[in-house]
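J.: Have a peek at work_4.cif (mmCIF, C-alpha atoms).
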data_data
loop_
_atom_site.group_PDB
_atom_site.id
_atom_site.type_symbol
_atom_site.label_atom_id
_atom_site.label_comp_id
_atom_site.auth_asym_id
_atom_site.auth_seq_id
_atom_site.Cartn_x
_atom_site.Cartn_y
_atom_site.Cartn_z
ATOM 1 C CA MET A 1 38.923 -90.393 103.575
ATOM 2 C CA ASN A 2 35.206 -91.098 103.580
ATOM 3 C CA MET A 3 33.912 -90.771 100.004
ATOM 4 C CA LEU A 4 30.880 -88.701 101.015
ATOM 5 C CA LYS A 5 33.044 -86.232 102.918
ATOM 6 C CA PHE A 6 35.421 -86.100 99.954
ATOM 7 C CA LEU A 7 32.570 -85.245 97.555
ATOM 8 C CA ASP A 8 31.303 -82.553 99.937
ATOM 9 C CA ARG A 9 34.457 -80.589 99.223
ATOM 10 C CA PHE A 10 33.291 -79.967 95.649
ATOM 11 C CA PRO A 11 30.502 -77.444 95.057
ATOM 12 C CA ILE A 12 27.525 -78.604 92.945
ATOM 13 C CA TYR A 13 26.117 -76.159 90.435
ATOM 14 C CA THR A 14 22.735 -76.684 88.773
ATOM 15 C CA PHE A 15 21.421 -74.966 85.657
ATOM 16 C CA GLU A 16 17.921 -74.633 84.219
ATOM 17 C CA PRO A 17 17.433 -76.939 81.208
ATOM 18 C CA LEU A 18 17.251 -75.327 77.797
ATOM 19 C CA TYR A 19 14.161 -77.414 76.975
ATOM 20 C CA LYS A 20 11.398 -78.627 79.270
ATOM 21 C CA PRO A 21 9.135 -81.360 77.929
ATOM 22 C CA ASN A 22 5.404 -80.977 78.337
ATOM 23 C CA GLU A 23 4.671 -82.521 81.721
ATOM 24 C CA GLU A 24 0.951 -82.943 81.017
ATOM 25 C CA SER A 25 0.209 -86.564 80.248
ATOM 26 C CA ARG A 26 -1.603 -87.074 76.946
ATOM 27 C CA GLU A 27 -4.791 -89.075 77.324
ATOM 28 C CA THR A 28 -4.758 -92.317 75.361
ATOM 29 C CA LEU A 29 -7.765 -94.137 73.960
ATOM 30 C CA TYR A 30 -7.283 -97.846 73.254
ATOM 31 C CA VAL A 31 -9.573 -99.201 70.527
ATOM 32 C CA TYR A 32 -9.830 -102.100 68.102
ATOM 33 C CA GLY A 33 -8.346 -101.033 64.814
ATOM 34 C CA PRO A 34 -7.527 -99.809 62.337
ATOM 35 C CA GLY A 35 -10.837 -99.963 60.509
ATOM 36 C CA TYR A 36 -11.846 -101.472 57.202
ATOM 37 C CA LYS A 37 -9.672 -100.300 54.298
ATOM 38 C CA ASN A 38 -7.109 -99.408 56.993
ATOM 39 C CA GLU A 39 -9.001 -96.221 57.840
ATOM 40 C CA PRO A 40 -8.578 -94.417 61.199
ATOM 41 C CA ALA A 41 -12.097 -95.216 62.456
ATOM 42 C CA SER A 42 -12.378 -98.406 64.519
ATOM 43 C CA PHE A 43 -14.417 -101.340 63.179
ATOM 44 C CA ASP A 44 -15.965 -101.977 66.613
ATOM 45 C CA ILE A 45 -19.226 -100.229 67.570
ATOM 46 C CA GLN A 46 -18.319 -99.187 71.119
ATOM 47 C CA CYS A 47 -14.753 -98.306 70.182
ATOM 48 C CA LEU A 48 -15.867 -96.075 67.335
ATOM 49 C CA GLN A 49 -18.553 -94.510 69.524
ATOM 50 C CA LEU A 50 -15.963 -93.506 72.134
ATOM 51 C CA GLN A 51 -13.528 -92.440 69.408
ATOM 52 C CA ALA A 52 -16.165 -90.175 67.832
ATOM 53 C CA LEU A 53 -17.176 -88.735 71.200
ATOM 54 C CA ALA A 54 -13.531 -87.942 71.946
ATOM 55 C CA LEU A 55 -13.181 -86.132 68.612
ATOM 56 C CA PHE A 56 -16.428 -84.215 69.204
ATOM 57 C CA SER A 57 -15.024 -83.008 72.546
ATOM 58 C CA GLY A 58 -12.129 -81.257 70.820
ATOM 59 C CA LYS A 59 -9.547 -82.732 73.198
ATOM 60 C CA ASN A 60 -6.300 -84.055 71.789
ATOM 61 C CA TYR A 61 -6.566 -87.773 72.545
ATOM 62 C CA TYR A 62 -3.942 -90.224 71.339
ATOM 63 C CA ILE A 63 -5.575 -93.213 69.597
ATOM 64 C CA LYS A 64 -3.863 -96.563 70.152
ATOM 65 C CA TYR A 65 -5.002 -99.508 68.029
ATOM 66 C CA SER A 66 -5.029 -102.894 69.715
ATOM 67 C CA ASN A 67 -6.772 -106.242 69.834
ATOM 68 C CA LYS A 68 -5.413 -107.131 73.268
ATOM 69 C CA PRO A 69 -7.791 -105.743 75.916
ATOM 70 C CA GLU A 70 -6.044 -107.302 78.941
ATOM 71 C CA ALA A 71 -4.905 -103.928 80.321
ATOM 72 C CA SER A 72 -8.477 -102.643 80.500
ATOM 73 C CA PRO A 73 -10.202 -102.428 83.912
ATOM 74 C CA ASN A 74 -12.816 -104.944 82.735
ATOM 75 C CA GLY A 75 -10.749 -106.863 80.187
ATOM 76 C CA LYS A 76 -12.539 -105.258 77.242
ATOM 77 C CA LEU A 77 -11.891 -102.640 74.599
ATOM 78 C CA PRO A 78 -12.270 -99.686 74.423
ATOM 79 C CA PHE A 79 -10.693 -98.078 77.462
ATOM 80 C CA LEU A 80 -9.167 -94.708 78.235
ATOM 81 C CA ILE A 81 -5.988 -93.823 80.138
ATOM 82 C CA ASN A 82 -6.711 -90.337 81.460
ATOM 83 C CA SER A 83 -4.276 -87.549 82.363
ATOM 84 C CA GLN A 84 -3.910 -88.998 85.884
ATOM 85 C CA GLU A 85 -2.886 -92.307 84.242
ATOM 86 C CA VAL A 86 -6.040 -94.027 85.503
ATOM 87 C CA ALA A 87 -7.584 -96.666 83.245
ATOM 88 C CA LEU A 88 -11.297 -96.064 82.600
ATOM 89 C CA ASP A 89 -13.620 -98.611 81.013
ATOM 90 C CA PHE A 90 -16.186 -97.693 78.342
ATOM 91 C CA ASP A 91 -18.852 -96.342 80.723
ATOM 92 C CA LEU A 92 -16.441 -94.338 82.898
ATOM 93 C CA ALA A 93 -14.565 -93.034 79.855
ATOM 94 C CA THR A 94 -17.850 -91.897 78.277
ATOM 95 C CA ARG A 95 -18.784 -90.080 81.485
ATOM 96 C CA ASP A 96 -15.307 -88.534 81.722
ATOM 97 C CA ILE A 97 -15.481 -87.135 78.174
ATOM 98 C CA LEU A 98 -19.050 -85.893 78.576
ATOM 99 C CA GLU A 99 -18.484 -84.070 81.884
ATOM 100 C CA ASP A 100 -16.703 -81.167 80.248
ATOM 101 C CA ASN A 101 -18.744 -81.176 77.051
ATOM 102 C CA ALA A 102 -22.397 -81.423 78.076
ATOM 103 C CA ASN A 103 -24.803 -79.470 75.865
ATOM 104 C CA LYS A 104 -26.172 -77.093 78.488
ATOM 105 C CA ASN A 105 -28.408 -75.321 75.948
ATOM 106 C CA THR A 106 -30.627 -78.358 75.412
ATOM 107 C CA GLY A 107 -34.182 -77.850 76.629
ATOM 108 C CA ASP A 108 -36.347 -80.428 78.388
ATOM 109 C CA LYS A 109 -38.273 -81.250 75.211
ATOM 110 C CA GLU A 110 -35.084 -81.861 73.237
ATOM 111 C CA VAL A 111 -33.631 -83.974 76.049
ATOM 112 C CA ALA A 112 -36.720 -86.200 76.030
ATOM 113 C CA THR A 113 -36.495 -86.623 72.253
ATOM 114 C CA ILE A 114 -32.790 -87.438 72.398
ATOM 115 C CA GLU A 115 -33.325 -90.002 75.148
ATOM 116 C CA SER A 116 -36.123 -91.600 73.119
ATOM 117 C CA LEU A 117 -33.882 -91.873 70.056
ATOM 118 C CA GLU A 118 -31.032 -93.273 72.160
ATOM 119 C CA SER A 119 -33.334 -96.015 73.442
ATOM 120 C CA LEU A 120 -34.526 -96.767 69.903
ATOM 121 C CA VAL A 121 -30.965 -97.094 68.606
ATOM 122 C CA GLN A 122 -29.789 -99.206 71.548
ATOM 123 C CA ASN A 123 -32.738 -101.602 71.367
ATOM 124 C CA SER A 124 -33.041 -102.107 67.617
ATOM 125 C CA LEU A 125 -30.273 -100.742 65.390
ATOM 126 C CA LYS A 126 -27.271 -101.775 67.487
ATOM 127 C CA PRO A 127 -28.381 -105.376 68.167
ATOM 128 C CA ALA A 128 -29.353 -105.815 64.495
ATOM 129 C CA LEU A 129 -25.879 -104.761 63.393
ATOM 130 C CA ASN A 130 -24.263 -107.103 65.928
ATOM 131 C CA LEU A 131 -26.475 -109.874 64.565
ATOM 132 C CA ILE A 132 -25.149 -109.197 61.058
ATOM 133 C CA LEU A 133 -21.535 -109.111 62.274
ATOM 134 C CA TRP A 134 -21.609 -112.151 64.552
ATOM 135 C CA ALA A 135 -24.540 -114.463 63.699
ATOM 136 C CA ASP A 136 -24.115 -114.681 59.912
ATOM 137 C CA ASP A 137 -21.529 -117.464 59.449
ATOM 138 C CA SER A 138 -20.099 -116.082 56.216
ATOM 139 C CA ASN A 139 -19.702 -112.568 57.588
ATOM 140 C CA TYR A 140 -18.212 -113.852 60.842
ATOM 141 C CA GLU A 141 -15.638 -116.176 59.251
ATOM 142 C CA ASN A 142 -14.575 -113.887 56.396
ATOM 143 C CA TYR A 143 -14.635 -110.446 57.988
ATOM 144 C CA THR A 144 -15.526 -110.185 61.683
ATOM 145 C CA LEU A 145 -13.234 -112.879 63.107
ATOM 146 C CA PRO A 146 -10.115 -111.829 61.134
ATOM 147 C CA LYS A 147 -10.509 -108.218 62.274
ATOM 148 C CA TYR A 148 -10.997 -108.944 65.969
ATOM 149 C CA THR A 149 -8.204 -111.526 66.159
ATOM 150 C CA ARG A 150 -5.614 -109.834 63.962
ATOM 151 C CA ASP A 151 -2.056 -110.946 64.881
ATOM 152 C CA ILE A 152 -3.357 -113.645 67.258
ATOM 153 C CA GLN A 153 -2.039 -117.102 66.414
ATOM 154 C CA PHE A 154 -4.137 -120.135 65.503
ATOM 155 C CA PRO A 155 -5.926 -121.764 67.353
ATOM 156 C CA ILE A 156 -6.071 -119.050 70.040
ATOM 157 C CA ASN A 157 -7.773 -116.732 67.541
ATOM 158 C CA LEU A 158 -10.649 -119.202 67.143
ATOM 159 C CA ILE A 159 -11.086 -119.551 70.910
ATOM 160 C CA ILE A 160 -11.165 -115.782 71.430
ATOM 161 C CA GLY A 161 -13.526 -115.403 68.478
ATOM 162 C CA ARG A 162 -15.959 -117.955 69.921
ATOM 163 C CA GLN A 163 -15.902 -116.170 73.288
ATOM 164 C CA LEU A 164 -16.635 -112.801 71.705
ATOM 165 C CA LYS A 165 -19.353 -114.260 69.487
ATOM 166 C CA ALA A 166 -21.106 -115.962 72.402
ATOM 167 C CA GLU A 167 -20.934 -112.761 74.455
ATOM 168 C CA LYS A 168 -22.451 -110.629 71.677
ATOM 169 C CA LEU A 169 -25.239 -113.067 70.781
ATOM 170 C CA ASN A 170 -26.144 -113.771 74.414
ATOM 171 C CA LYS A 171 -26.505 -110.046 75.015
ATOM 172 C CA ILE A 172 -28.797 -109.670 71.994
ATOM 173 C CA TYR A 173 -30.919 -112.629 73.048
ATOM 174 C CA SER A 174 -31.230 -111.549 76.695
ATOM 175 C CA SER A 175 -32.286 -108.015 75.740
ATOM 176 C CA ASN A 176 -35.017 -109.064 73.301
ATOM 177 C CA PRO A 177 -35.537 -112.860 73.127
ATOM 178 C CA SER A 178 -38.784 -112.628 71.161
ATOM 179 C CA ALA A 179 -37.334 -110.472 68.374
ATOM 180 C CA TYR A 180 -34.223 -112.671 68.265
ATOM 181 C CA LYS A 181 -36.222 -115.899 67.919
ATOM 182 C CA ASN A 182 -38.604 -114.503 65.310
ATOM 183 C CA ASN A 183 -35.890 -112.805 63.206
ATOM 184 C CA GLU A 184 -37.506 -109.417 63.756
ATOM 185 C CA LEU A 185 -34.411 -107.423 64.700
ATOM 186 C CA VAL A 186 -33.418 -106.386 61.176
ATOM 187 C CA ASP A 187 -36.984 -105.255 60.417
ATOM 188 C CA MET A 188 -36.975 -103.239 63.657
ATOM 189 C CA ALA A 189 -33.634 -101.711 62.659
ATOM 190 C CA ILE A 190 -34.975 -100.673 59.254
ATOM 191 C CA GLU A 191 -37.881 -98.908 60.971
ATOM 192 C CA CYS A 192 -35.355 -97.225 63.248
ATOM 193 C CA LEU A 193 -33.385 -95.984 60.210
ATOM 194 C CA LYS A 194 -36.576 -94.532 58.759
ATOM 195 C CA ASN A 195 -37.334 -92.673 62.007
ATOM 196 C CA LEU A 196 -33.790 -91.345 62.232
ATOM 197 C CA SER A 197 -34.021 -90.154 58.619
ATOM 198 C CA VAL A 198 -37.126 -88.117 59.382
ATOM 199 C CA PHE A 199 -35.505 -86.554 62.441
ATOM 200 C CA ILE A 200 -32.200 -85.567 60.790
ATOM 201 C CA LYS A 201 -33.685 -84.385 57.483
ATOM 202 C CA ASN A 202 -33.376 -80.646 58.229
ATOM 203 C CA LYS A 203 -30.774 -80.833 60.996
ATOM 204 C CA GLU A 204 -27.008 -81.041 61.071
ATOM 205 C CA TYR A 205 -26.719 -83.174 64.207
ATOM 206 C CA PHE A 206 -29.010 -85.351 66.301
ATOM 207 C CA SER A 207 -27.896 -83.826 69.617
ATOM 208 C CA GLY A 208 -28.507 -80.179 68.724
ATOM 209 C CA SER A 209 -26.224 -77.472 67.382
ATOM 210 C CA ASN A 210 -23.161 -79.583 68.211
ATOM 211 C CA PRO A 211 -22.640 -83.350 68.019
ATOM 212 C CA GLY A 212 -23.045 -85.260 71.287
ATOM 213 C CA LEU A 213 -23.441 -88.766 72.649
ATOM 214 C CA LEU A 214 -26.406 -89.612 70.398
ATOM 215 C CA ASP A 215 -24.411 -88.548 67.336
ATOM 216 C CA ALA A 216 -21.480 -90.707 68.458
ATOM 217 C CA MET A 217 -23.825 -93.683 68.862
ATOM 218 C CA ILE A 218 -25.543 -93.231 65.508
ATOM 219 C CA PHE A 219 -22.411 -92.347 63.540
ATOM 220 C CA SER A 220 -20.517 -95.382 64.852
ATOM 221 C CA ILE A 221 -23.305 -97.750 63.808
ATOM 222 C CA LEU A 222 -23.941 -96.112 60.422
ATOM 223 C CA HIS A 223 -20.251 -96.007 59.560
ATOM 224 C CA ILE A 224 -19.768 -99.691 60.294
ATOM 225 C CA ILE A 225 -22.932 -100.648 58.376
ATOM 226 C CA ILE A 226 -21.747 -98.691 55.341
ATOM 227 C CA ASN A 227 -18.141 -99.880 55.381
ATOM 228 C CA TYR A 228 -18.557 -103.494 56.471
ATOM 229 C CA PRO A 229 -17.532 -105.635 53.477
ATOM 230 C CA GLY A 230 -20.057 -108.393 54.176
ATOM 231 C CA GLU A 231 -23.626 -108.472 52.942
ATOM 232 C CA ASN A 232 -26.315 -106.826 55.035
ATOM 233 C CA ALA A 233 -29.838 -105.513 54.464
ATOM 234 C CA LEU A 234 -29.188 -102.331 56.441
ATOM 235 C CA LYS A 235 -26.408 -101.282 54.082
ATOM 236 C CA ASN A 236 -28.640 -101.902 51.079
ATOM 237 C CA MET A 237 -31.258 -99.637 52.632
ATOM 238 C CA LEU A 238 -28.783 -96.802 53.222
ATOM 239 C CA VAL A 239 -27.052 -96.821 49.841
ATOM 240 C CA ASP A 240 -30.300 -97.023 47.864
ATOM 241 C CA LYS A 241 -30.707 -93.522 46.435
ATOM 242 C CA GLU A 242 -34.457 -94.052 46.112
ATOM 243 C CA SER A 243 -34.730 -94.785 49.838
ATOM 244 C CA SER A 244 -35.687 -92.092 52.338
ATOM 245 C CA CYS A 245 -32.782 -93.339 54.464
ATOM 246 C CA SER A 246 -30.186 -92.026 52.026
ATOM 247 C CA VAL A 247 -30.206 -88.794 54.058
ATOM 248 C CA LEU A 248 -28.335 -90.762 56.736
ATOM 249 C CA LEU A 249 -25.607 -91.439 54.192
ATOM 250 C CA ASP A 250 -25.175 -87.678 53.809
ATOM 251 C CA TYR A 251 -25.132 -87.263 57.588
ATOM 252 C CA ASN A 252 -22.447 -89.941 57.956
ATOM 253 C CA LYS A 253 -20.275 -88.276 55.313
ATOM 254 C CA ARG A 254 -20.741 -84.868 56.956
ATOM 255 C CA VAL A 255 -19.494 -86.147 60.308
ATOM 256 C CA TRP A 256 -16.654 -88.098 58.699
ATOM 257 C CA ASP A 257 -15.408 -85.127 56.670
ATOM 258 C CA LYS A 258 -15.422 -82.800 59.663
ATOM 259 C CA TYR A 259 -13.930 -85.033 62.346
ATOM 260 C CA PHE A 260 -12.108 -87.980 60.752
ATOM 261 C CA SER A 261 -10.719 -87.006 57.360
#
As structure tokens, please, write out the structure in this file.

T.:
Amino acid sequence: MNMLKFLDRFPIYTFEPLYKPNEESRETLYVYGPGYKNEPASFDIQCLQLQALALFSGKNYYIKYSNKPEASPNGKLPFLINSQEVALDFDLATRDILEDNANKNTGDKEVATIESLESLVQNSLKPALNLILWADDSNYENYTLPKYTRDIQFPINLIIGRQLKAEKLNKIYSSNPSAYKNNELVDMAIECLKNLSVFIKNKEYFSGSNPGLLDAMIFSILHIIINYPGENALKNMLVDKESSCSVLLDYNKRVWDKYFS
């Protein structure tokens, strides 16, 4: 007898399962990590910025630590796997998180101020920190390289480190060659810290009543400056209790306590 015809003689009964797993796919954020002192915050500026923005959004993202960015759409960390299992690079992931969490109560004047501060941070504070992380030989060899190439075997770790270093320094130079050549970036960053201190003095967040993209940018940079084990002038400025910039230390702790601890 044909086996299919034989099986047709037996009725098939189906029953509802006692337990149904959650079918909604959990969004996963891939970042360099863990951070210094094995803390949950990434040690990379862009990774921590996206990590902070995700936490500000209130969505339940799964954080995956990695130093192998090959699965990313552009071969770089961070990247986000969304609920449709689509891989989004840093820019698309930022846009995806912001779409549902835009501060619609921000007026035109506040928007202009926020955009001005964003430009200031991007053009002075961020490149100065990257200069400290990547251009200072002692910092690079003792702290930056080991973090970015964790678990990667010698000599591949040195090759990857050189590639990352060249990429970071070329970006700094191309964005502001004059400041790079004349060693002005750190001085510009200190002025930026002073301006940020004045702005945040009587406020809880830079973006308004709730933290937004500007807060994610500033927090990520401040946190890495404060926790980086190597020497840097920006850290000295922040931790000096006599400095007007110490208010940023309080801001950093406030964000950390609410969203990371």

J.: Report as a VMD selection string the residues that result from applying the PyMOL selection byres ((chain A and resi 238) around 10) to the structure here.

T.: chain A and resid 190 193 to 194 222 225 to 226 233 to 237 239 to 250

J.: What separation in Å, quoted to one decimal, exists between CA of Ser124 (chain A) and CA of Phe219 (chain A)?

T.: 15.0 Å

J.: Excluding region 131-138 of chain A and its own-chain neighbours fewer than 6 positions away, which residues fall within 7 Å of it when counting only C-alpha atoms? Please give them as a list in words.

T.: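 What passes the distance filter is Thr144, Lys165 and Asn232 of chain A.
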
J.: When you look at Glu110 (chain A) with a cut-off of 10 Å (counting only C-alpha atoms), what residues show up, excluding the ones that are within fewer than 5 positions of it in the same chain? I need them as a PyMOL selection string.

T.: chain A and resi 105+115-116+206-208

J.: What does the file look like for those residues with C-alpha atoms, as a short mmCIF file (atom, residue, chain, number, x, y, z; two decimals), in the coordinates of the input?

T.:
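So again_25.cif came out as:
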data_model
loop_
_atom_site.label_atom_id
_atom_site.label_comp_id
_atom_site.auth_asym_id
_atom_site.auth_seq_id
_atom_site.Cartn_x
_atom_site.Cartn_y
_atom_site.Cartn_z
CA ASN A 105 -28.41 -75.32 75.95
CA GLU A 115 -33.33 -90.00 75.15
CA SER A 116 -36.12 -91.60 73.12
CA PHE A 206 -29.01 -85.35 66.30
CA SER A 207 -27.90 -83.83 69.62
CA GLY A 208 -28.51 -80.18 68.72
#

J.: Would you mind reading off the distance between CA of Lys68 (chain A) and CA of Pro127 (chain A), one decimal, in Å?

T.: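 We find that CA of Lys68 (chain A) and CA of Pro127 (chain A) lie 23.6 Å from each other.
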
J.: Could you expand the PyMOL selection byres ((chain A and resi 149) around 12) into the explicit residues it covers here, written as a PyMOL selection string?

T.: chain A and resi 32-33+66-69+140-148+150-165

J.: Would you write out, as a list in words, every residue that the PyMOL selection byres ((chain A and resi 31) around 10) captures in this file?

T.: Thr28, Leu29, Tyr30, Tyr32, Gly33, Pro34, Ala41, Ser42, Phe43, Asp44, Gln46, Cys47, Leu48, Leu50, Gln51, Ile63, Lys64, Tyr65, Ser66, Asn67, Lys68, Pro69, Lys76, Leu77, Pro78, Phe79 and Leu80 of chain A

J.: Report the distance between CA of Lys253 (chain A) and CA of Leu214 (chain A) in Å, rounded to one decimal place.

T.: 16.3 Å

J.: So which residues touch Asn227 (chain A) within 7 Å, counting all atoms listed in the file, skipping near sequence neighbours fewer than 3 positions away, as a PyMOL selection string?

T.: chain A and resi 36+223-224

J.: Would you list the contacts of Asn123 (chain A) as number ranges by chain, taking every protein, DNA or RNA residue within 12 Å and counting all atoms listed in the file, but skipping same-chain residues closer than 3 positions in sequence?

T.: A: 116-120, 126-130, 171-177, 179-180, 184-186, 188-189, 191-192

J.: So, counting all atoms listed in the file, which residue among A:Gln122, A:Gln84, A:Gln49, A:Ser220 is closest to Arg26 (chain A)?

T.: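 When distances to Arg26 (chain A) are compared using all atoms listed in the file, the smallest one comes from A:Gln84.
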
J.: Determine the nearest neighbour of Ile81 (chain A) from the options A:Glu39, A:Glu27, A:Glu204, A:Glu99, counting only C-alpha atoms.

T.: A:Glu27

J.: For a quick check of understanding, using all atoms listed in the file, which of A:Val198, A:Ile114, A:Leu213, A:Ile218 has the smallest distance to Phe56 (chain A)?

T.: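 Of the candidates, the smallest distance to Phe56 (chain A) is held by A:Leu213.
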
J.: From the set A:Asn38, A:Thr113, A:Gly75, A:Thr94, which residue has the shortest atom-to-atom contact distance to Ala216 (chain A), counting all atoms listed in the file?

T.: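 Of A:Asn38, A:Thr113, A:Gly75, A:Thr94, the one nearest Ala216 (chain A) is A:Thr94, counting all atoms listed in the file.
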
J.: Save region 78-134 of chain A of the structure in the block above to a file, with C-alpha atoms included, as a PDB file, in the first residue's frame.

T.:
ATOM      1  CA  PRO A  78      27.539  50.358  16.207  1.00  0.00           C
ATOM      2  CA  PHE A  79      24.623  48.914  14.278  1.00  0.00           C
ATOM      3  CA  LEU A  80      21.053  47.981  15.099  1.00  0.00           C
ATOM      4  CA  ILE A  81      19.028  44.904  14.129  1.00  0.00           C
ATOM      5  CA  ASN A  82      15.446  46.166  14.202  1.00  0.00           C
ATOM      6  CA  SER A  83      12.220  44.227  14.793  1.00  0.00           C
ATOM      7  CA  GLN A  84      12.033  43.386  11.067  1.00  0.00           C
ATOM      8  CA  GLU A  85      15.542  41.882  11.394  1.00  0.00           C
ATOM      9  CA  VAL A  86      17.022  44.586   9.159  1.00  0.00           C
ATOM     10  CA  ALA A  87      20.542  45.761   9.976  1.00  0.00           C
ATOM     11  CA  LEU A  88      20.788  49.554  10.315  1.00  0.00           C
ATOM     12  CA  ASP A  89      24.062  51.470  10.455  1.00  0.00           C
ATOM     13  CA  PHE A  90      24.690  54.320  12.912  1.00  0.00           C
ATOM     14  CA  ASP A  91      22.874  57.035  10.929  1.00  0.00           C
ATOM     15  CA  LEU A  92      19.837  54.898  10.052  1.00  0.00           C
ATOM     16  CA  ALA A  93      19.642  53.483  13.578  1.00  0.00           C
ATOM     17  CA  THR A  94      19.727  57.011  15.033  1.00  0.00           C
ATOM     18  CA  ARG A  95      16.908  58.059  12.707  1.00  0.00           C
ATOM     19  CA  ASP A  96      14.927  54.913  13.551  1.00  0.00           C
ATOM     20  CA  ILE A  97      15.143  55.558  17.309  1.00  0.00           C
ATOM     21  CA  LEU A  98      14.363  59.262  16.966  1.00  0.00           C
ATOM     22  CA  GLU A  99      11.285  58.833  14.745  1.00  0.00           C
ATOM     23  CA  ASP A 100       9.087  57.714  17.608  1.00  0.00           C
ATOM     24  CA  ASN A 101      10.693  59.914  20.247  1.00  0.00           C
ATOM     25  CA  ALA A 102      11.012  63.390  18.742  1.00  0.00           C
ATOM     26  CA  ASN A 103      10.496  66.243  21.208  1.00  0.00           C
ATOM     27  CA  LYS A 104       7.473  67.857  19.577  1.00  0.00           C
ATOM     28  CA  ASN A 105       7.231  70.531  22.294  1.00  0.00           C
ATOM     29  CA  THR A 106      10.501  72.190  21.298  1.00  0.00           C
ATOM     30  CA  GLY A 107      10.047  75.695  19.927  1.00  0.00           C
ATOM     31  CA  ASP A 108      11.955  77.242  17.030  1.00  0.00           C
ATOM     32  CA  LYS A 109      14.269  79.180  19.348  1.00  0.00           C
ATOM     33  CA  GLU A 110      15.178  76.061  21.320  1.00  0.00           C
ATOM     34  CA  VAL A 111      15.726  74.077  18.119  1.00  0.00           C
ATOM     35  CA  ALA A 112      18.176  76.705  16.859  1.00  0.00           C
ATOM     36  CA  THR A 113      20.072  76.641  20.160  1.00  0.00           C
ATOM     37  CA  ILE A 114      20.224  72.848  20.191  1.00  0.00           C
ATOM     38  CA  GLU A 115      21.484  72.737  16.609  1.00  0.00           C
ATOM     39  CA  SER A 116      24.151  75.317  17.463  1.00  0.00           C
ATOM     40  CA  LEU A 117      25.335  73.259  20.435  1.00  0.00           C
ATOM     41  CA  GLU A 118      25.333  70.077  18.342  1.00  0.00           C
ATOM     42  CA  SER A 119      27.605  71.758  15.797  1.00  0.00           C
ATOM     43  CA  LEU A 120      29.900  73.010  18.567  1.00  0.00           C
ATOM     44  CA  VAL A 121      30.223  69.536  20.083  1.00  0.00           C
ATOM     45  CA  GLN A 122      30.756  67.816  16.728  1.00  0.00           C
ATOM     46  CA  ASN A 123      33.406  70.286  15.567  1.00  0.00           C
ATOM     47  CA  SER A 124      35.439  70.724  18.742  1.00  0.00           C
ATOM     48  CA  LEU A 125      34.730  68.394  21.666  1.00  0.00           C
ATOM     49  CA  LYS A 126      34.379  65.130  19.743  1.00  0.00           C
ATOM     50  CA  PRO A 127      37.503  65.522  17.564  1.00  0.00           C
ATOM     51  CA  ALA A 128      39.539  66.624  20.606  1.00  0.00           C
ATOM     52  CA  LEU A 129      38.551  63.474  22.477  1.00  0.00           C
ATOM     53  CA  ASN A 130      39.395  61.306  19.459  1.00  0.00           C
ATOM     54  CA  LEU A 131      42.763  63.057  19.323  1.00  0.00           C
ATOM     55  CA  ILE A 132      43.402  62.096  22.953  1.00  0.00           C
ATOM     56  CA  LEU A 133      42.317  58.490  22.352  1.00  0.00           C
ATOM     57  CA  TRP A 134      44.134  57.869  19.073  1.00  0.00           C
TER      58      TRP A 134
END
